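A short write-up of the structure that comes next.
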Amino acid sequence: MMMSYSMEKVRKILVHLSKDNAAPQCARFVQSITGHFVRSVEDQATVSCSLENNRFILCDRMCDGGVPLKRASFCPIKYLSHSEADSLPPDTLNRGVDVGVAVLLQSANQRLLLTRRASSLRIFPNVWVPPGGHVELDEKLLDAGLRELKEETGLKLSPDEISSQLLGLWESVYPPMLSRGLPKRHHIVTYILLKSSQSHLQLQACLRPDPAEVSACVWVDAGLVKVVVSAVDGEKDSVQIPTDLPQTISVTEVSPHGELIETSLPVSVLCNRAPDHGEDIERVSTGTKFALELWLKTLEPHAEMS
């Protein structure tokens, strides 16, 4: 009876933490997930993760090498004072830390699909990210990723036609900097690489994006990704776009009615950095840049499976 009652209390999948073989505990909204596993000055840890009984459990016990868990150097939870935490509304304080999944869809010719979030979305509008969203109750991570991919882009892929790999975990907070307001959302985003046997043009022909979620789509290659990840958020140095790289890239805009319009976007837009004040701007999200760096490593010769 005790078990069935506790299971009935589960309304959504939340992050649970285990360290030094301790029983997993539900993470608090104002608790730094990365900071739980590293010293306060560090921003990256290696953890193992599992989805058990609708709990997303992170622990420091690793039998398979683990996966990287990272937060931004300016992560608001890292710098949140006790008084700021106490001032958060009870509904926010009691949210816990949510779990999301994001899909890096790689075509057979090594292009990746990114989508621009619709301007009407409350969180990270007009920001370029991989397709993704929340993990639903009783759902596996891969199934959640494939569902979100279909809902947002119209691409229906089955597990038997792709290969998948968990790349890493990102501690995402919105707003992304304390200078832009107190935290309202706190997630761990799981980035999954899906490799398709189809070219990006074959996949592009099947795109049917949901205009309520997606305002544009773009396929990026490794050369462009290297420039995008060089625009490190929180730093001020200028980004150099190589002269051999086109200054614009072809993107597919999505009209409010779902019509697809081919247009071009300056590469410099994808190299924008997260502003530390005022309104957000069109850019690639900080967590996406982290995932793109991990993707680039999979393309290195020694990363290929024999």
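Simple scheme: letters A, B, ... for chains in structure tokens order, numbers from 1 for residues in each chain, numbers from 1 for ligands in the order shown.
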Excluding stretch 151-167 of chain A and residues on its chain fewer than 4 positions from it, collect all residues at most 7 Å away from it, counting only C-alpha atoms, and give them as an mmCIF file with all heavy atoms, in the first residue's frame.
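As written to disk, out.cif reads:
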data_model
loop_
_atom_site.group_PDB
_atom_site.id
_atom_site.type_symbol
_atom_site.label_atom_id
_atom_site.label_comp_id
_atom_site.auth_asym_id
_atom_site.auth_seq_id
_atom_site.Cartn_x
_atom_site.Cartn_y
_atom_site.Cartn_z
ATOM 1 N N VAL A 67 28.578 10.052 -18.219
ATOM 2 C CA VAL A 67 28.321 11.080 -19.221
ATOM 3 C C VAL A 67 28.609 12.447 -18.609
ATOM 4 O O VAL A 67 28.500 12.625 -17.388
ATOM 5 C CB VAL A 67 26.854 11.049 -19.729
ATOM 6 C CG1 VAL A 67 26.587 9.782 -20.496
ATOM 7 C CG2 VAL A 67 25.881 11.205 -18.578
ATOM 8 N N PRO A 131 15.299 19.753 -31.736
ATOM 9 C CA PRO A 131 13.941 19.406 -31.319
ATOM 10 C C PRO A 131 13.964 18.708 -29.962
ATOM 11 O O PRO A 131 14.886 17.942 -29.665
ATOM 12 C CB PRO A 131 13.479 18.437 -32.420
ATOM 13 C CG PRO A 131 14.367 18.724 -33.588
ATOM 14 C CD PRO A 131 15.677 19.141 -33.024
ATOM 15 N N LEU A 146 11.977 10.711 -29.778
ATOM 16 C CA LEU A 146 11.325 10.437 -31.060
ATOM 17 C C LEU A 146 9.934 11.071 -31.107
ATOM 18 O O LEU A 146 9.516 11.584 -32.153
ATOM 19 C CB LEU A 146 11.228 8.931 -31.284
ATOM 20 C CG LEU A 146 12.562 8.211 -31.541
ATOM 21 C CD1 LEU A 146 12.373 6.704 -31.549
ATOM 22 C CD2 LEU A 146 13.189 8.675 -32.858
ATOM 23 N N ARG A 147 9.219 11.044 -29.978
ATOM 24 C CA ARG A 147 7.883 11.672 -29.936
ATOM 25 C C ARG A 147 7.996 13.177 -30.142
ATOM 26 O O ARG A 147 7.239 13.773 -30.935
ATOM 27 C CB ARG A 147 7.204 11.372 -28.594
ATOM 28 C CG ARG A 147 5.870 12.116 -28.402
ATOM 29 C CD ARG A 147 5.265 11.869 -27.030
ATOM 30 N NE ARG A 147 6.178 12.139 -25.938
ATOM 31 C CZ ARG A 147 6.511 13.370 -25.510
ATOM 32 N NH1 ARG A 147 6.015 14.440 -26.109
ATOM 33 N NH2 ARG A 147 7.338 13.526 -24.496
ATOM 34 N N TYR A 191 20.763 15.247 -23.888
ATOM 35 C CA TYR A 191 21.001 15.363 -25.330
ATOM 36 C C TYR A 191 21.295 13.985 -25.910
ATOM 37 O O TYR A 191 22.253 13.313 -25.508
ATOM 38 C CB TYR A 191 22.171 16.306 -25.616
ATOM 39 C CG TYR A 191 21.805 17.763 -25.429
ATOM 40 C CD1 TYR A 191 22.170 18.446 -24.261
ATOM 41 C CD2 TYR A 191 21.096 18.452 -26.401
ATOM 42 C CE1 TYR A 191 21.832 19.786 -24.088
ATOM 43 C CE2 TYR A 191 20.751 19.782 -26.231
ATOM 44 C CZ TYR A 191 21.121 20.441 -25.077
ATOM 45 O OH TYR A 191 20.778 21.753 -24.906
ATOM 46 N N ILE A 192 20.446 13.577 -26.862
ATOM 47 C CA ILE A 192 20.584 12.266 -27.503
ATOM 48 C C ILE A 192 20.927 12.461 -28.977
ATOM 49 O O ILE A 192 20.253 13.215 -29.687
ATOM 50 C CB ILE A 192 19.280 11.455 -27.381
ATOM 51 C CG1 ILE A 192 18.948 11.195 -25.907
ATOM 52 C CG2 ILE A 192 19.397 10.136 -28.132
ATOM 53 C CD1 ILE A 192 17.647 10.441 -25.704
ATOM 54 N N LEU A 193 21.980 11.798 -29.424
ATOM 55 C CA LEU A 193 22.351 11.816 -30.837
ATOM 56 C C LEU A 193 21.633 10.682 -31.546
ATOM 57 O O LEU A 193 21.729 9.520 -31.140
ATOM 58 C CB LEU A 193 23.871 11.648 -30.981
ATOM 59 C CG LEU A 193 24.415 11.502 -32.413
ATOM 60 C CD1 LEU A 193 24.106 12.738 -33.239
ATOM 61 C CD2 LEU A 193 25.915 11.223 -32.383
ATOM 62 N N LEU A 194 20.879 11.019 -32.599
ATOM 63 C CA LEU A 194 20.214 10.030 -33.446
ATOM 64 C C LEU A 194 20.850 10.070 -34.825
ATOM 65 O O LEU A 194 20.882 11.128 -35.462
ATOM 66 C CB LEU A 194 18.713 10.327 -33.572
ATOM 67 C CG LEU A 194 17.859 10.331 -32.313
ATOM 68 C CD1 LEU A 194 16.394 10.525 -32.694
ATOM 69 C CD2 LEU A 194 18.029 9.051 -31.527
ATOM 70 N N LYS A 195 21.342 8.940 -35.284
ATOM 71 C CA LYS A 195 21.952 8.862 -36.610
ATOM 72 C C LYS A 195 20.977 8.200 -37.574
ATOM 73 O O LYS A 195 20.573 7.054 -37.363
ATOM 74 C CB LYS A 195 23.262 8.084 -36.558
ATOM 75 C CG LYS A 195 24.359 8.787 -35.763
ATOM 76 C CD LYS A 195 25.653 7.994 -35.815
ATOM 77 C CE LYS A 195 26.764 8.683 -35.033
ATOM 78 N NZ LYS A 195 28.035 7.899 -35.076
ATOM 79 N N SER A 196 20.623 8.935 -38.615
ATOM 80 C CA SER A 196 19.711 8.424 -39.631
ATOM 81 C C SER A 196 20.500 7.940 -40.844
ATOM 82 O O SER A 196 21.596 8.422 -41.129
ATOM 83 C CB SER A 196 18.735 9.532 -40.058
ATOM 84 O OG SER A 196 17.994 9.144 -41.192
ATOM 85 N N CYS A 206 10.523 15.533 -45.762
ATOM 86 C CA CYS A 206 9.464 15.031 -44.870
ATOM 87 C C CYS A 206 9.147 15.996 -43.732
ATOM 88 O O CYS A 206 8.291 15.697 -42.888
ATOM 89 C CB CYS A 206 9.876 13.683 -44.287
ATOM 90 S SG CYS A 206 10.151 12.397 -45.525
ATOM 91 N N LEU A 207 9.816 17.138 -43.702
ATOM 92 C CA LEU A 207 9.598 18.099 -42.617
ATOM 93 C C LEU A 207 8.192 18.695 -42.685
ATOM 94 O O LEU A 207 7.761 19.175 -43.733
ATOM 95 C CB LEU A 207 10.616 19.241 -42.689
ATOM 96 C CG LEU A 207 11.991 19.028 -42.049
ATOM 97 C CD1 LEU A 207 12.846 20.269 -42.249
ATOM 98 C CD2 LEU A 207 11.870 18.706 -40.575
ATOM 99 N N ARG A 208 7.499 18.663 -41.563
ATOM 100 C CA ARG A 208 6.195 19.314 -41.411
ATOM 101 C C ARG A 208 6.169 19.982 -40.032
ATOM 102 O O ARG A 208 5.476 19.517 -39.127
ATOM 103 C CB ARG A 208 5.050 18.299 -41.543
ATOM 104 C CG ARG A 208 4.974 17.559 -42.866
ATOM 105 C CD ARG A 208 4.636 18.476 -44.032
ATOM 106 N NE ARG A 208 4.484 17.716 -45.286
ATOM 107 C CZ ARG A 208 5.485 17.443 -46.105
ATOM 108 N NH1 ARG A 208 6.721 17.844 -45.799
ATOM 109 N NH2 ARG A 208 5.268 16.765 -47.216
ATOM 110 N N PRO A 209 6.923 21.061 -39.859
ATOM 111 C CA PRO A 209 7.062 21.649 -38.522
ATOM 112 C C PRO A 209 5.743 22.205 -37.984
ATOM 113 O O PRO A 209 4.890 22.681 -38.743
ATOM 114 C CB PRO A 209 8.081 22.779 -38.732
ATOM 115 C CG PRO A 209 8.765 22.466 -40.025
ATOM 116 C CD PRO A 209 7.739 21.764 -40.854
ATOM 117 N N ASP A 210 5.594 22.143 -36.667
ATOM 118 C CA ASP A 210 4.435 22.710 -35.986
ATOM 119 C C ASP A 210 4.705 24.193 -35.742
ATOM 120 O O ASP A 210 5.597 24.539 -34.967
ATOM 121 C CB ASP A 210 4.219 21.978 -34.660
ATOM 122 C CG ASP A 210 3.058 22.553 -33.855
ATOM 123 O OD1 ASP A 210 2.381 23.490 -34.336
ATOM 124 O OD2 ASP A 210 2.844 22.078 -32.718
ATOM 125 N N GLU A 213 5.319 25.659 -32.324
ATOM 126 C CA GLU A 213 6.557 25.329 -31.621
ATOM 127 C C GLU A 213 7.807 25.820 -32.354
ATOM 128 O O GLU A 213 8.790 26.200 -31.726
ATOM 129 C CB GLU A 213 6.663 23.800 -31.458
ATOM 130 C CG GLU A 213 5.523 23.166 -30.698
ATOM 131 C CD GLU A 213 5.855 22.923 -29.244
ATOM 132 O OE1 GLU A 213 6.953 23.294 -28.819
ATOM 133 O OE2 GLU A 213 5.001 22.358 -28.538
ATOM 134 N N VAL A 214 7.741 25.781 -33.694
ATOM 135 C CA VAL A 214 8.938 25.988 -34.513
ATOM 136 C C VAL A 214 8.688 27.089 -35.538
ATOM 137 O O VAL A 214 7.680 27.054 -36.254
ATOM 138 C CB VAL A 214 9.324 24.670 -35.227
ATOM 139 C CG1 VAL A 214 10.468 24.901 -36.204
ATOM 140 C CG2 VAL A 214 9.684 23.594 -34.210
ATOM 141 N N LEU A 294 30.034 18.309 -28.074
ATOM 142 C CA LEU A 294 30.083 16.861 -27.871
ATOM 143 C C LEU A 294 29.886 16.131 -29.197
ATOM 144 O O LEU A 294 30.511 15.093 -29.452
ATOM 145 C CB LEU A 294 29.013 16.434 -26.863
ATOM 146 C CG LEU A 294 29.175 16.970 -25.436
ATOM 147 C CD1 LEU A 294 27.987 16.565 -24.577
ATOM 148 C CD2 LEU A 294 30.472 16.472 -24.815
#
Determine, using only C-alpha atoms, which residues of stretch 59-171 of chain A have any atom at most 9 Å from an atom of stretch 270-281 of chain A, and tabulate each with its shortest atom pair and distance in Å to one decimal place, rows ordered by chain and then rising number, as JSON lines.
{"residue": "A:Phe124", "atom": "CA", "partner": "A:Asp280", "partner_atom": "CA", "distance": 7.8}
{"residue": "A:Pro125", "atom": "CA", "partner": "A:Asp280", "partner_atom": "CA", "distance": 8.0}
{"residue": "A:Asn126", "atom": "CA", "partner": "A:Ile281", "partner_atom": "CA", "distance": 7.1}
{"residue": "A:Val127", "atom": "CA", "partner": "A:Ile281", "partner_atom": "CA", "distance": 7.4}
{"residue": "A:Trp128", "atom": "CA", "partner": "A:Leu270", "partner_atom": "CA", "distance": 7.9}
Emit the selected residues as a PDB file, in the first residue's frame, including all heavy atoms.
ATOM      1  N   PHE A 124      12.717  30.839 -23.712  1.00  0.00           N
ATOM      2  CA  PHE A 124      13.683  30.843 -24.811  1.00  0.00           C
ATOM      3  C   PHE A 124      13.036  31.023 -26.187  1.00  0.00           C
ATOM      4  O   PHE A 124      13.294  30.237 -27.115  1.00  0.00           O
ATOM      5  CB  PHE A 124      14.528  29.564 -24.793  1.00  0.00           C
ATOM      6  CG  PHE A 124      15.413  29.429 -23.581  1.00  0.00           C
ATOM      7  CD1 PHE A 124      15.166  28.449 -22.630  1.00  0.00           C
ATOM      8  CD2 PHE A 124      16.488  30.279 -23.384  1.00  0.00           C
ATOM      9  CE1 PHE A 124      15.977  28.314 -21.505  1.00  0.00           C
ATOM     10  CE2 PHE A 124      17.310  30.161 -22.272  1.00  0.00           C
ATOM     11  CZ  PHE A 124      17.050  29.184 -21.332  1.00  0.00           C
ATOM     12  N   PRO A 125      12.188  32.048 -26.382  1.00  0.00           N
ATOM     13  CA  PRO A 125      11.635  32.288 -27.724  1.00  0.00           C
ATOM     14  C   PRO A 125      12.733  32.718 -28.697  1.00  0.00           C
ATOM     15  O   PRO A 125      13.721  33.351 -28.301  1.00  0.00           O
ATOM     16  CB  PRO A 125      10.629  33.419 -27.485  1.00  0.00           C
ATOM     17  CG  PRO A 125      11.154  34.151 -26.283  1.00  0.00           C
ATOM     18  CD  PRO A 125      11.766  33.089 -25.415  1.00  0.00           C
ATOM     19  N   ASN A 126      12.569  32.360 -29.966  1.00  0.00           N
ATOM     20  CA  ASN A 126      13.490  32.763 -31.045  1.00  0.00           C
ATOM     21  C   ASN A 126      14.913  32.233 -30.873  1.00  0.00           C
ATOM     22  O   ASN A 126      15.839  32.751 -31.497  1.00  0.00           O
ATOM     23  CB  ASN A 126      13.546  34.293 -31.184  1.00  0.00           C
ATOM     24  CG  ASN A 126      12.220  34.876 -31.614  1.00  0.00           C
ATOM     25  OD1 ASN A 126      11.552  34.318 -32.490  1.00  0.00           O
ATOM     26  ND2 ASN A 126      11.819  35.973 -30.999  1.00  0.00           N
ATOM     27  N   VAL A 127      15.084  31.217 -30.063  1.00  0.00           N
ATOM     28  CA  VAL A 127      16.415  30.646 -29.828  1.00  0.00           C
ATOM     29  C   VAL A 127      16.520  29.324 -30.587  1.00  0.00           C
ATOM     30  O   VAL A 127      15.565  28.545 -30.650  1.00  0.00           O
ATOM     31  CB  VAL A 127      16.664  30.449 -28.319  1.00  0.00           C
ATOM     32  CG1 VAL A 127      17.928  29.635 -28.064  1.00  0.00           C
ATOM     33  CG2 VAL A 127      16.770  31.807 -27.629  1.00  0.00           C
ATOM     34  N   TRP A 128      17.689  29.079 -31.186  1.00  0.00           N
ATOM     35  CA  TRP A 128      17.922  27.870 -31.965  1.00  0.00           C
ATOM     36  C   TRP A 128      18.335  26.717 -31.052  1.00  0.00           C
ATOM     37  O   TRP A 128      19.277  26.849 -30.255  1.00  0.00           O
ATOM     38  CB  TRP A 128      19.003  28.106 -33.018  1.00  0.00           C
ATOM     39  CG  TRP A 128      18.553  28.978 -34.148  1.00  0.00           C
ATOM     40  CD1 TRP A 128      18.649  30.343 -34.232  1.00  0.00           C
ATOM     41  CD2 TRP A 128      17.924  28.555 -35.363  1.00  0.00           C
ATOM     42  NE1 TRP A 128      18.119  30.791 -35.423  1.00  0.00           N
ATOM     43  CE2 TRP A 128      17.668  29.716 -36.138  1.00  0.00           C
ATOM     44  CE3 TRP A 128      17.550  27.306 -35.876  1.00  0.00           C
ATOM     45  CZ2 TRP A 128      17.066  29.652 -37.392  1.00  0.00           C
ATOM     46  CZ3 TRP A 128      16.953  27.246 -37.129  1.00  0.00           C
ATOM     47  CH2 TRP A 128      16.719  28.408 -37.870  1.00  0.00           C
TER      48      TRP A 128
END
Selected residue of minimal separation from A:Ser179 among A:Pro211, A:Pro76, A:Gly287, A:Gly133, counting only C-alpha atoms: A:Pro76
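Using only C-alpha atoms, the contacts of stretch 37-53 of chain A at a cut-off of 7 Å, with sequence neighbours closer than 6 positions omitted, comprise Cys59, Asp60, Arg61, Met62, Gly66, Val67, Pro68, Leu69, Lys70, Arg71, Ala72 and Ser73 of chain A.
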For the residues in the current selection, export C-alpha atoms as a PDB file, in the first residue's frame.
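The resulting again20.pdb:
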ATOM      1  CA  CYS A  59      24.684   9.504  -9.255  1.00  0.00           C
ATOM      2  CA  ASP A  60      28.457   9.469  -8.978  1.00  0.00           C
ATOM      3  CA  ARG A  61      28.724   5.681  -9.319  1.00  0.00           C
ATOM      4  CA  MET A  62      29.853   4.841 -12.827  1.00  0.00           C
ATOM      5  CA  GLY A  66      29.526   8.051 -17.315  1.00  0.00           C
ATOM      6  CA  VAL A  67      28.321  11.080 -19.221  1.00  0.00           C
ATOM      7  CA  PRO A  68      29.247  14.773 -18.888  1.00  0.00           C
ATOM      8  CA  LEU A  69      26.934  17.017 -16.875  1.00  0.00           C
ATOM      9  CA  LYS A  70      27.533  20.737 -17.322  1.00  0.00           C
ATOM     10  CA  ARG A  71      26.121  24.119 -16.343  1.00  0.00           C
ATOM     11  CA  ALA A  72      26.873  27.580 -17.733  1.00  0.00           C
ATOM     12  CA  SER A  73      29.595  29.549 -15.982  1.00  0.00           C
TER      13      SER A  73
END
Can you pull out every residue within 10 Å of stretch 110-117 of chain A, counting only C-alpha atoms, but drop anything in the same chain fewer than 3 positions away, and send it as a ChimeraX atom specification? /A:103-107,120-132,152-153,193-196,199-201,203-204,209,211-222,225,251-254,282-284,288,292,295,299
Residue contacts of A:Lys78 (8 Å, only C-alpha atoms) excluding same-chain residues fewer than 3 positions away, as a PDB file with C-alpha atoms, in the first residue's frame:
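File written: out_21.pdb
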ATOM      1  CA  SER A  32      22.597  23.208  -8.158  1.00  0.00           C
ATOM      2  CA  GLY A  35      27.320  21.688  -7.948  1.00  0.00           C
ATOM      3  CA  SER A  40      31.618  25.212  -6.254  1.00  0.00           C
ATOM      4  CA  PHE A  74      26.872  32.141 -15.256  1.00  0.00           C
ATOM      5  CA  CYS A  75      24.226  29.603 -14.146  1.00  0.00           C
TER       6      CYS A  75
END
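Excluding A:Arg185 itself and any same-chain residue fewer than 3 positions from it, the protein and nucleic acid residues within 9 Å of it, counting only C-alpha atoms, are Phe29, Thr92, Arg95, Val97, Asp98, Ile123, Ser172, Val173, Tyr174 and Pro175 of chain A.
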How would the residues just picked look written out with C-alpha atoms as a short mmCIF file (atom, residue, chain, number, x, y, z; two decimals), in the first residue's frame?
data_model
loop_
_atom_site.label_atom_id
_atom_site.label_comp_id
_atom_site.auth_asym_id
_atom_site.auth_seq_id
_atom_site.Cartn_x
_atom_site.Cartn_y
_atom_site.Cartn_z
CA PHE A 29 14.42 23.73 -7.35
CA THR A 92 8.37 27.90 -8.13
CA ARG A 95 8.58 22.67 -8.73
CA VAL A 97 14.02 20.06 -11.24
CA ASP A 98 12.33 18.92 -14.45
CA ILE A 123 10.75 30.17 -22.45
CA SER A 172 19.28 24.63 -17.91
CA VAL A 173 17.78 27.57 -16.02
CA TYR A 174 15.40 30.25 -17.28
CA PRO A 175 16.04 33.16 -17.31
#
Hey, what does DSSP flag as strand (DSSP E) within stretch 129-297 of chain A? Can you give it to me as a PyMOL selection string? chain A and resi 129+132-134+162-174+185-196+214-220+248-254+260-266+283-284
